[in-house]
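Listing of final01.cif, mmCIF, C-alpha atoms
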```cif
data_start
#
loop_
_atom_site.group_PDB
_atom_site.id
_atom_site.type_symbol
_atom_site.label_atom_id
_atom_site.label_comp_id
_atom_site.auth_asym_id
_atom_site.auth_seq_id
_atom_site.Cartn_x
_atom_site.Cartn_y
_atom_site.Cartn_z
ATOM 1 C CA MET Z 17 92.686 117.232 54.841
ATOM 2 C CA SER Z 18 90.110 118.523 57.313
ATOM 3 C CA GLU Z 19 90.132 117.086 60.811
ATOM 4 C CA ARG Z 20 87.311 114.795 61.900
ATOM 5 C CA THR Z 21 84.488 116.388 63.804
ATOM 6 C CA LEU Z 22 83.469 115.213 67.254
ATOM 7 C CA ALA Z 23 80.522 113.217 65.875
ATOM 8 C CA GLU Z 24 82.749 111.637 63.233
ATOM 9 C CA GLN Z 25 85.057 110.440 65.999
ATOM 10 C CA VAL Z 26 82.620 109.199 68.633
ATOM 11 C CA GLY Z 27 79.320 108.689 66.786
ATOM 12 C CA ARG Z 28 75.950 110.288 67.353
ATOM 13 C CA LEU Z 29 76.255 112.937 70.064
ATOM 14 C CA PRO Z 30 73.950 113.189 73.087
ATOM 15 C CA ALA Z 31 71.630 116.186 72.703
ATOM 16 C CA GLY Z 32 73.375 118.237 75.386
ATOM 17 C CA ILE Z 33 76.749 117.813 73.677
ATOM 18 C CA GLU Z 34 75.312 118.491 70.239
ATOM 19 C CA ALA Z 35 73.850 121.749 71.556
ATOM 20 C CA LEU Z 36 77.277 123.071 72.593
ATOM 21 C CA ALA Z 37 78.780 126.026 70.756
ATOM 22 C CA ALA Z 38 80.916 125.098 67.765
ATOM 23 C CA ASP Z 39 84.167 126.114 69.459
ATOM 24 C CA HIS Z 40 83.383 123.935 72.456
ATOM 25 C CA GLN Z 41 82.583 120.961 70.251
ATOM 26 C CA ALA Z 42 85.832 121.618 68.427
ATOM 27 C CA ASP Z 43 87.689 121.601 71.754
ATOM 28 C CA LEU Z 44 86.156 118.225 72.664
ATOM 29 C CA ALA Z 45 87.048 116.885 69.223
ATOM 30 C CA ARG Z 46 90.636 118.042 69.769
ATOM 31 C CA ALA Z 47 90.763 116.386 73.189
ATOM 32 C CA VAL Z 48 89.554 113.051 71.781
ATOM 33 C CA ARG Z 49 91.981 113.293 68.866
ATOM 34 C CA ASP Z 50 94.899 114.086 71.193
ATOM 35 C CA ALA Z 51 94.030 111.105 73.400
ATOM 36 C CA ARG Z 52 93.981 108.811 70.357
ATOM 37 C CA HIS Z 53 97.293 110.197 69.159
ATOM 38 C CA ARG Z 54 98.898 109.612 72.562
ATOM 39 C CA GLN Z 55 97.730 106.028 72.448
ATOM 40 C CA ALA Z 56 99.042 105.580 68.908
ATOM 41 C CA ALA Z 57 102.396 107.082 69.902
ATOM 42 C CA ALA Z 58 102.643 104.725 72.889
ATOM 43 C CA LEU Z 59 101.920 101.785 70.593
ATOM 44 C CA ALA Z 60 104.538 102.839 68.066
ATOM 45 C CA LYS Z 61 107.127 103.279 70.801
ATOM 46 C CA ALA Z 62 106.270 99.884 72.285
ATOM 47 C CA GLY Z 63 106.573 98.245 68.873
ATOM 48 C CA ASP Z 64 110.032 99.709 68.410
ATOM 49 C CA GLU Z 65 111.333 98.887 71.857
ATOM 50 C CA SER Z 66 109.652 95.658 72.867
ATOM 51 C CA LEU Z 67 111.733 93.309 70.755
ATOM 52 C CA ARG Z 68 114.873 94.400 72.583
ATOM 53 C CA HIS Z 69 113.452 92.916 75.793
ATOM 54 C CA ILE Z 70 112.484 89.591 74.272
ATOM 55 C CA PRO Z 71 114.908 86.655 74.287
ATOM 56 C CA ALA Z 72 116.515 86.407 70.824
ATOM 57 C CA LEU Z 73 115.227 82.890 70.224
ATOM 58 C CA LEU Z 74 111.628 84.025 70.619
ATOM 59 C CA ARG Z 75 111.817 87.135 68.456
ATOM 60 C CA PRO Z 76 110.854 85.534 65.118
ATOM 61 C CA ALA Z 77 107.749 83.943 66.676
ATOM 62 C CA ILE Z 78 106.783 87.219 68.364
ATOM 63 C CA ARG Z 79 107.308 89.187 65.155
ATOM 64 C CA LYS Z 80 105.044 86.767 63.340
ATOM 65 C CA ALA Z 81 102.362 86.824 66.068
ATOM 66 C CA VAL Z 82 102.262 90.614 66.231
ATOM 67 C CA GLY Z 83 102.559 90.997 62.464
ATOM 68 C CA LEU Z 84 105.739 93.055 62.507
ATOM 69 C CA MET I 3 82.195 118.111 94.786
ATOM 70 C CA THR I 4 79.043 118.570 92.702
ATOM 71 C CA PRO I 5 77.670 115.874 90.380
ATOM 72 C CA HIS I 6 78.795 117.949 87.378
ATOM 73 C CA GLU I 7 82.298 118.388 88.768
ATOM 74 C CA ALA I 8 82.491 114.633 89.341
ATOM 75 C CA GLU I 9 81.363 113.830 85.811
ATOM 76 C CA ILE I 10 83.719 116.378 84.240
ATOM 77 C CA LEU I 11 86.588 115.023 86.329
ATOM 78 C CA LYS I 12 85.882 111.516 85.055
ATOM 79 C CA LEU I 13 85.703 112.688 81.433
ATOM 80 C CA ALA I 14 88.981 114.579 81.819
ATOM 81 C CA ARG I 15 90.555 111.409 83.198
ATOM 82 C CA VAL I 16 89.391 109.378 80.191
ATOM 83 C CA LEU I 17 90.836 111.991 77.853
ATOM 84 C CA GLY I 18 94.055 112.500 79.805
ATOM 85 C CA THR I 19 93.574 116.226 80.243
ATOM 86 C CA SER I 20 92.654 118.698 82.971
ATOM 87 C CA PRO I 21 89.036 119.134 84.146
ATOM 88 C CA GLU I 22 89.453 122.930 84.158
ATOM 89 C CA ARG I 23 89.520 122.795 80.379
ATOM 90 C CA PHE I 24 85.919 121.584 80.308
ATOM 91 C CA GLY I 25 84.238 124.299 82.337
ATOM 92 C CA TYR I 26 81.796 124.809 79.466
ATOM 93 C CA LEU I 27 80.319 121.359 80.166
ATOM 94 C CA ARG I 28 78.781 122.511 83.451
ATOM 95 C CA GLU I 29 75.528 123.369 81.668
ATOM 96 C CA VAL I 30 75.228 120.026 79.867
ATOM 97 C CA PRO I 31 72.663 117.631 81.435
ATOM 98 C CA LEU I 32 74.382 114.989 83.567
ATOM 99 C CA ASP I 33 72.949 112.032 81.633
ATOM 100 C CA ASP I 34 74.287 113.473 78.384
ATOM 101 C CA LEU I 35 77.718 114.053 79.931
ATOM 102 C CA ARG I 36 77.828 110.508 81.171
ATOM 103 C CA ARG I 37 76.756 109.069 77.810
ATOM 104 C CA PHE I 38 79.402 111.147 76.076
ATOM 105 C CA ARG I 39 82.067 109.866 78.488
ATOM 106 C CA GLU I 40 80.977 106.291 77.804
ATOM 107 C CA GLN I 41 81.150 106.907 74.047
ATOM 108 C CA THR I 42 84.593 108.446 74.347
ATOM 109 C CA SER I 43 85.823 105.607 76.523
ATOM 110 C CA VAL I 44 84.630 103.002 74.020
ATOM 111 C CA VAL I 45 86.269 104.866 71.135
ATOM 112 C CA LEU I 46 89.606 105.029 72.930
ATOM 113 C CA PHE I 47 89.523 101.459 74.197
ATOM 114 C CA ASP I 48 88.561 100.138 70.783
ATOM 115 C CA ALA I 49 91.138 102.226 68.918
ATOM 116 C CA HIS I 50 94.051 100.109 67.668
ATOM 117 C CA LEU I 51 92.225 97.014 68.858
ATOM 118 C CA GLY I 52 93.704 94.830 66.109
ATOM 119 C CA VAL I 53 97.299 95.572 67.117
ATOM 120 C CA LEU I 54 96.486 95.268 70.815
ATOM 121 C CA ARG I 55 94.841 91.876 70.262
ATOM 122 C CA ARG I 56 97.890 90.642 68.371
ATOM 123 C CA MET I 57 100.130 91.884 71.175
ATOM 124 C CA ALA I 58 97.973 90.088 73.731
ATOM 125 C CA ALA I 59 98.129 86.908 71.640
ATOM 126 C CA ALA I 60 101.908 87.184 71.301
ATOM 127 C CA SER I 61 102.224 87.579 75.055
ATOM 128 C CA ARG I 62 101.255 83.911 75.429
ATOM 129 C CA LEU I 63 104.683 83.040 74.032
ATOM 130 C CA LEU I 64 106.577 84.877 76.767
ATOM 131 C CA PRO I 65 107.264 84.088 80.423
ATOM 132 C CA GLY I 66 105.336 86.161 82.969
ATOM 133 C CA ALA I 67 108.531 87.665 84.380
ATOM 134 C CA VAL I 68 109.545 88.979 80.939
ATOM 135 C CA LEU I 69 106.072 90.399 80.340
ATOM 136 C CA ALA I 70 106.016 92.138 83.715
ATOM 137 C CA ARG I 71 109.350 93.761 82.962
ATOM 138 C CA MET I 72 108.158 94.799 79.495
ATOM 139 C CA ALA I 73 104.948 96.222 80.960
ATOM 140 C CA GLU I 74 106.865 98.538 83.269
ATOM 141 C CA VAL I 75 109.774 99.406 80.957
ATOM 142 C CA VAL I 76 108.241 99.386 77.464
ATOM 143 C CA PHE I 77 104.440 99.412 77.446
ATOM 144 C CA GLY I 78 103.810 101.828 80.282
ATOM 145 C CA PRO I 79 100.501 102.146 82.138
ATOM 146 C CA LEU I 80 98.291 103.212 79.209
ATOM 147 C CA LEU I 81 99.090 100.271 76.930
ATOM 148 C CA SER I 82 99.271 97.853 79.837
ATOM 149 C CA ALA I 83 95.743 98.868 80.817
ATOM 150 C CA ARG I 84 94.503 98.407 77.252
ATOM 151 C CA ILE I 85 96.156 94.983 76.893
ATOM 152 C CA ALA I 86 94.978 93.838 80.346
ATOM 153 C CA GLY I 87 91.453 93.590 79.011
ATOM 154 C CA LEU I 88 92.605 91.295 76.203
ATOM 155 C CA VAL I 89 94.872 88.723 77.858
ATOM 156 C CA ASP I 90 93.755 85.496 79.508
ATOM 157 C CA THR I 91 92.658 86.059 83.090
ATOM 158 C CA ALA I 92 95.205 83.680 84.620
ATOM 159 C CA ARG I 93 97.994 85.273 82.600
ATOM 160 C CA GLY I 94 96.891 88.753 83.579
ATOM 161 C CA ILE I 95 96.878 87.831 87.261
ATOM 162 C CA ASP I 96 100.317 86.227 86.965
ATOM 163 C CA ILE I 97 101.720 89.403 85.413
ATOM 164 C CA ALA I 98 99.932 91.782 87.781
ATOM 165 C CA ARG I 99 101.259 90.095 90.906
ATOM 166 C CA ARG I 100 104.816 90.700 89.651
ATOM 167 C CA LEU I 101 104.330 94.448 89.158
ATOM 168 C CA SER I 102 105.102 97.164 91.690
ATOM 169 C CA PRO I 103 102.150 98.734 93.528
ATOM 170 C CA ALA I 104 103.077 102.142 92.091
ATOM 171 C CA PHE I 105 102.953 100.851 88.516
ATOM 172 C CA LEU I 106 99.740 98.918 89.190
ATOM 173 C CA ALA I 107 98.186 102.106 90.548
ATOM 174 C CA ASP I 108 99.202 103.851 87.304
ATOM 175 C CA VAL I 109 97.601 101.038 85.307
ATOM 176 C CA ALA I 110 94.487 101.102 87.493
ATOM 177 C CA ALA I 111 94.044 104.783 86.668
ATOM 178 C CA GLU I 112 93.940 103.937 82.947
ATOM 179 C CA LEU I 113 91.950 100.733 83.211
ATOM 180 C CA ASP I 114 88.317 100.100 82.393
ATOM 181 C CA PRO I 115 87.505 97.706 85.243
ATOM 182 C CA ARG I 116 84.650 96.165 83.256
ATOM 183 C CA ARG I 117 87.132 94.941 80.667
ATOM 184 C CA ALA I 118 89.480 93.386 83.195
ATOM 185 C CA ALA I 119 86.978 92.231 85.790
ATOM 186 C CA GLY I 120 88.356 88.678 85.877
ATOM 187 C CA ILE I 121 91.889 89.849 86.594
ATOM 188 C CA ILE I 122 90.794 92.369 89.207
ATOM 189 C CA SER I 123 88.630 89.926 91.130
ATOM 190 C CA GLY I 124 91.391 87.300 90.978
ATOM 191 C CA LEU I 125 94.190 89.462 92.385
ATOM 192 C CA PRO I 126 95.620 88.383 95.740
ATOM 193 C CA GLU I 127 94.397 90.516 98.653
ATOM 194 C CA ARG I 128 97.903 91.776 99.391
ATOM 195 C CA VAL I 129 98.113 93.186 95.842
ATOM 196 C CA VAL I 130 94.681 94.846 96.060
ATOM 197 C CA ASN I 131 95.614 96.354 99.406
ATOM 198 C CA ALA I 132 98.950 97.655 98.158
ATOM 199 C CA VAL I 133 97.309 99.305 95.152
ATOM 200 C CA ALA I 134 94.495 100.736 97.285
ATOM 201 C CA GLU I 135 97.053 102.174 99.681
ATOM 202 C CA GLU I 136 98.973 103.747 96.805
ATOM 203 C CA LEU I 137 95.809 105.212 95.234
ATOM 204 C CA ALA I 138 94.777 106.635 98.600
ATOM 205 C CA ARG I 139 98.245 108.135 99.066
ATOM 206 C CA ARG I 140 97.780 109.865 95.688
ATOM 207 C CA GLU I 141 94.224 110.854 96.608
ATOM 208 C CA ASP I 142 93.125 109.358 93.289
ATOM 209 C CA TRP I 143 89.468 109.066 94.221
ATOM 210 C CA VAL I 144 88.342 108.802 90.585
ATOM 211 C CA THR I 145 90.126 105.473 90.283
ATOM 212 C CA VAL I 146 89.101 104.308 93.752
ATOM 213 C CA ALA I 147 85.453 105.024 92.905
ATOM 214 C CA ARG I 148 85.747 103.216 89.571
ATOM 215 C CA PHE I 149 86.991 100.144 91.400
ATOM 216 C CA VAL I 150 84.340 100.345 94.102
ATOM 217 C CA ASP I 151 81.907 100.138 91.203
ATOM 218 C CA HIS I 152 83.394 96.798 90.157
ATOM 219 C CA LEU I 153 85.419 95.131 92.952
ATOM 220 C CA PRO I 154 84.050 92.254 95.004
ATOM 221 C CA ASP I 155 82.887 93.213 98.499
ATOM 222 C CA ALA I 156 85.878 91.676 100.284
ATOM 223 C CA ALA I 157 88.284 93.784 98.239
ATOM 224 C CA ILE I 158 86.227 96.925 98.886
ATOM 225 C CA THR I 159 86.278 96.285 102.615
ATOM 226 C CA SER I 160 90.054 96.008 102.762
ATOM 227 C CA SER I 161 90.572 98.912 100.367
ATOM 228 C CA LEU I 162 88.355 101.224 102.416
ATOM 229 C CA GLU I 163 90.775 100.884 105.307
ATOM 230 C CA PHE I 164 93.174 103.126 103.395
ATOM 231 C CA VAL I 165 90.608 105.776 102.473
ATOM 232 C CA PRO I 166 90.310 108.652 104.957
ATOM 233 C CA ASP I 167 86.855 109.660 106.175
ATOM 234 C CA ASP I 168 87.021 113.042 104.470
ATOM 235 C CA ALA I 169 87.334 111.352 101.041
ATOM 236 C CA LEU I 170 84.246 109.157 101.392
ATOM 237 C CA ALA I 171 81.813 111.844 100.227
ATOM 238 C CA ASP I 172 83.894 112.518 97.093
ATOM 239 C CA ILE I 173 84.103 108.810 96.330
ATOM 240 C CA ALA I 174 80.333 108.519 96.744
ATOM 241 C CA MET I 175 79.874 111.377 94.274
ATOM 242 C CA LEU I 176 82.284 109.777 91.770
ATOM 243 C CA LEU I 177 80.591 106.368 91.672
ATOM 244 C CA ASP I 178 78.962 105.499 88.359
ATOM 245 C CA ASP I 179 76.556 103.186 90.096
ATOM 246 C CA ARG I 180 75.171 105.128 93.054
ATOM 247 C CA THR I 181 73.515 101.991 94.389
ATOM 248 C CA ARG I 182 77.026 100.746 95.197
ATOM 249 C CA MET I 183 77.134 103.312 97.947
ATOM 250 C CA ALA I 184 74.663 101.216 99.902
ATOM 251 C CA THR I 185 77.202 98.390 99.649
ATOM 252 C CA VAL I 186 80.000 100.672 100.832
ATOM 253 C CA VAL I 187 77.888 101.796 103.769
ATOM 254 C CA SER I 188 77.161 98.193 104.698
ATOM 255 C CA LEU I 189 80.884 97.394 104.625
ATOM 256 C CA LEU I 190 82.062 100.377 106.669
ATOM 257 C CA PRO I 191 82.432 100.133 110.422
ATOM 258 C CA ALA I 192 79.683 102.050 112.244
ATOM 259 C CA ASP I 193 82.049 104.736 113.536
ATOM 260 C CA ARG I 194 82.845 105.845 109.962
ATOM 261 C CA LEU I 195 79.297 106.268 108.697
ATOM 262 C CA ASP I 196 79.028 109.874 109.873
ATOM 263 C CA ALA I 197 81.545 110.832 107.151
ATOM 264 C CA ILE I 198 78.976 110.139 104.448
ATOM 265 C CA PRO I 199 76.219 112.737 103.968
ATOM 266 C CA ASP I 200 72.743 111.214 104.262
ATOM 267 C CA ASP I 201 71.818 112.088 100.674
ATOM 268 C CA LEU I 202 74.804 110.086 99.367
ATOM 269 C CA ALA I 203 74.474 107.119 101.673
ATOM 270 C CA GLY I 204 72.392 105.086 99.208
#
```
Translate this file's structure into structure tokens.
Amino acid sequence: MSERTLAEQVGRLPAGIEALAADHQADLARAVRDARHRQAAALAKAGDESLRHIPALLRPAIRKAVGL
Amino acid sequence: MTPHEAEILKLARVLGTSPERFGYLREVPLDDLRRFREQTSVVLFDAHLGVLRRMAAASRLLPGAVLARMAEVVFGPLLSARIAGLVDTARGIDIARRLSPAFLADVAAELDPRRAAGIISGLPERVVNAVAEELARREDWVTVARFVDHLPDAAITSSLEFVPDDALADIAMLLDDRTRMATVVSLLPADRLDAIPDDLAG
């Protein structure tokens, strides 16, 4: 599957960004994608680890609230 | 620092990468750079919003002390900053006052102050001062400028005590709202005004 372009990730580009060379736009697209992936990885890690820090009695309610 | 360097630095901060990578943006008009940074910021803050909202809702079930510990040990600064904009203001303040200044400074660096304005303006002065001192120690002027854009005047006044004179020009250049510089100037003691170039003084 091809990776999403910069415009596909952030919406309509300002003219000065749209005028950039293709490799520079691709670099920006990569930077946005990497930032999103870091955030997703932090979320996944938090989902795995957070329940261990929650009192056992509250875990079922937290699971339900978060949708785990 | 030039206006382009300031804008590229802020974009690099949003994306969690180094400004040197974006040297090719020096020719892009400033307004376009700024709009692109805003777009990128919205995309990142709105990513995973459903999960983050559910996490914020679930946090109502937990004591503040547990949440503060989870913020530092499990969530880390990035997620804590994202969730801060989604929790109730009173809850956010209760958690923030339990966190270490170093961790709060990490969170501040990731935070969009517009999304957590209630929490920021409700923080006790001692907490604001401790975070300002830590940010100044790190010379994190991007974050300091972002907060000058959004903090109440009293908090700016106390925070500026920790900022050395030679950083004031950089902070002025990094402000999103240049008119805020007039506020900063009005809050600075007279003997510090010489540190700000006339063209940045608002």
Problem - Hits from the PyMOL selection byres ((chain I) within 10 of (chain Z)), listed as an NGL selection string - result: :I and (14 or 16-19 or 23-27 or 29-47 or 49-50 or 52-65 or 68-69 or 71-73 or 75-81 or 84)
Residues as selected, C-alpha atoms, written as a compact mmCIF listing (two decimals), in the frame of the given file, can you do that?
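See again.txt below for the written result:
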```
# COMPACT_ATOMS: atom_id res chain seq x y z
CA ALA I 14 88.98 114.58 81.82
CA VAL I 16 89.39 109.38 80.19
CA LEU I 17 90.84 111.99 77.85
CA GLY I 18 94.06 112.50 79.81
CA THR I 19 93.57 116.23 80.24
CA ARG I 23 89.52 122.80 80.38
CA PHE I 24 85.92 121.58 80.31
CA GLY I 25 84.24 124.30 82.34
CA TYR I 26 81.80 124.81 79.47
CA LEU I 27 80.32 121.36 80.17
CA GLU I 29 75.53 123.37 81.67
CA VAL I 30 75.23 120.03 79.87
CA PRO I 31 72.66 117.63 81.44
CA LEU I 32 74.38 114.99 83.57
CA ASP I 33 72.95 112.03 81.63
CA ASP I 34 74.29 113.47 78.38
CA LEU I 35 77.72 114.05 79.93
CA ARG I 36 77.83 110.51 81.17
CA ARG I 37 76.76 109.07 77.81
CA PHE I 38 79.40 111.15 76.08
CA ARG I 39 82.07 109.87 78.49
CA GLU I 40 80.98 106.29 77.80
CA GLN I 41 81.15 106.91 74.05
CA THR I 42 84.59 108.45 74.35
CA SER I 43 85.82 105.61 76.52
CA VAL I 44 84.63 103.00 74.02
CA VAL I 45 86.27 104.87 71.14
CA LEU I 46 89.61 105.03 72.93
CA PHE I 47 89.52 101.46 74.20
CA ALA I 49 91.14 102.23 68.92
CA HIS I 50 94.05 100.11 67.67
CA GLY I 52 93.70 94.83 66.11
CA VAL I 53 97.30 95.57 67.12
CA LEU I 54 96.49 95.27 70.82
CA ARG I 55 94.84 91.88 70.26
CA ARG I 56 97.89 90.64 68.37
CA MET I 57 100.13 91.88 71.18
CA ALA I 58 97.97 90.09 73.73
CA ALA I 59 98.13 86.91 71.64
CA ALA I 60 101.91 87.18 71.30
CA SER I 61 102.22 87.58 75.06
CA ARG I 62 101.26 83.91 75.43
CA LEU I 63 104.68 83.04 74.03
CA LEU I 64 106.58 84.88 76.77
CA PRO I 65 107.26 84.09 80.42
CA VAL I 68 109.54 88.98 80.94
CA LEU I 69 106.07 90.40 80.34
CA ARG I 71 109.35 93.76 82.96
CA MET I 72 108.16 94.80 79.50
CA ALA I 73 104.95 96.22 80.96
CA VAL I 75 109.77 99.41 80.96
CA VAL I 76 108.24 99.39 77.46
CA PHE I 77 104.44 99.41 77.45
CA GLY I 78 103.81 101.83 80.28
CA PRO I 79 100.50 102.15 82.14
CA LEU I 80 98.29 103.21 79.21
CA LEU I 81 99.09 100.27 76.93
CA ARG I 84 94.50 98.41 77.25
```
Handout entry: Two-atom distance - atom CA of Ile122 of chain I, atom CA of Leu153 of chain I (Å)
Key =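 Taking atom CA of Ile122 of chain I as the start and atom CA of Leu153 of chain I as the end point, the length is 7.1 Å.
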Completion exercise
One decimal place gives the atom CA of Leu113 of chain I-atom CA of Ala83 of chain I separation as 4.9 Å
Practice task
I need the residue set behind the PyMOL selection byres ((chain I and resi 120) around 12) for this file; please write it as a ChimeraX atom specification.
Solution key: /I:86-95,114-119,121-125,152-154
Exercise for the section: Do a neighbour search on Thr185 of chain I at 12 Å with only C-alpha atoms, toss out local chain neighbours closer than 5 positions, and write the hits as JSON, numbers by chain. Expected result: {"I": [150, 151, 152, 153, 154, 155, 156, 158, 159, 162, 174, 177, 179, 180, 190, 202, 203, 204]}
Resulting file, chosen residues, C-alpha atoms, as a compact mmCIF listing (two decimals), keeping the file's coordinate frame:
```txt
# COMPACT_ATOMS: atom_id res chain seq x y z
CA VAL I 150 84.34 100.34 94.10
CA ASP I 151 81.91 100.14 91.20
CA HIS I 152 83.39 96.80 90.16
CA LEU I 153 85.42 95.13 92.95
CA PRO I 154 84.05 92.25 95.00
CA ASP I 155 82.89 93.21 98.50
CA ALA I 156 85.88 91.68 100.28
CA ILE I 158 86.23 96.92 98.89
CA THR I 159 86.28 96.28 102.62
CA LEU I 162 88.36 101.22 102.42
CA ALA I 174 80.33 108.52 96.74
CA LEU I 177 80.59 106.37 91.67
CA ASP I 179 76.56 103.19 90.10
CA ARG I 180 75.17 105.13 93.05
CA LEU I 190 82.06 100.38 106.67
CA LEU I 202 74.80 110.09 99.37
CA ALA I 203 74.47 107.12 101.67
CA GLY I 204 72.39 105.09 99.21
```
Fill in the blank from the handout: re atom CA of Lys12 of chain I and atom CA of Thr145 of chain I: distance 9.0 Å
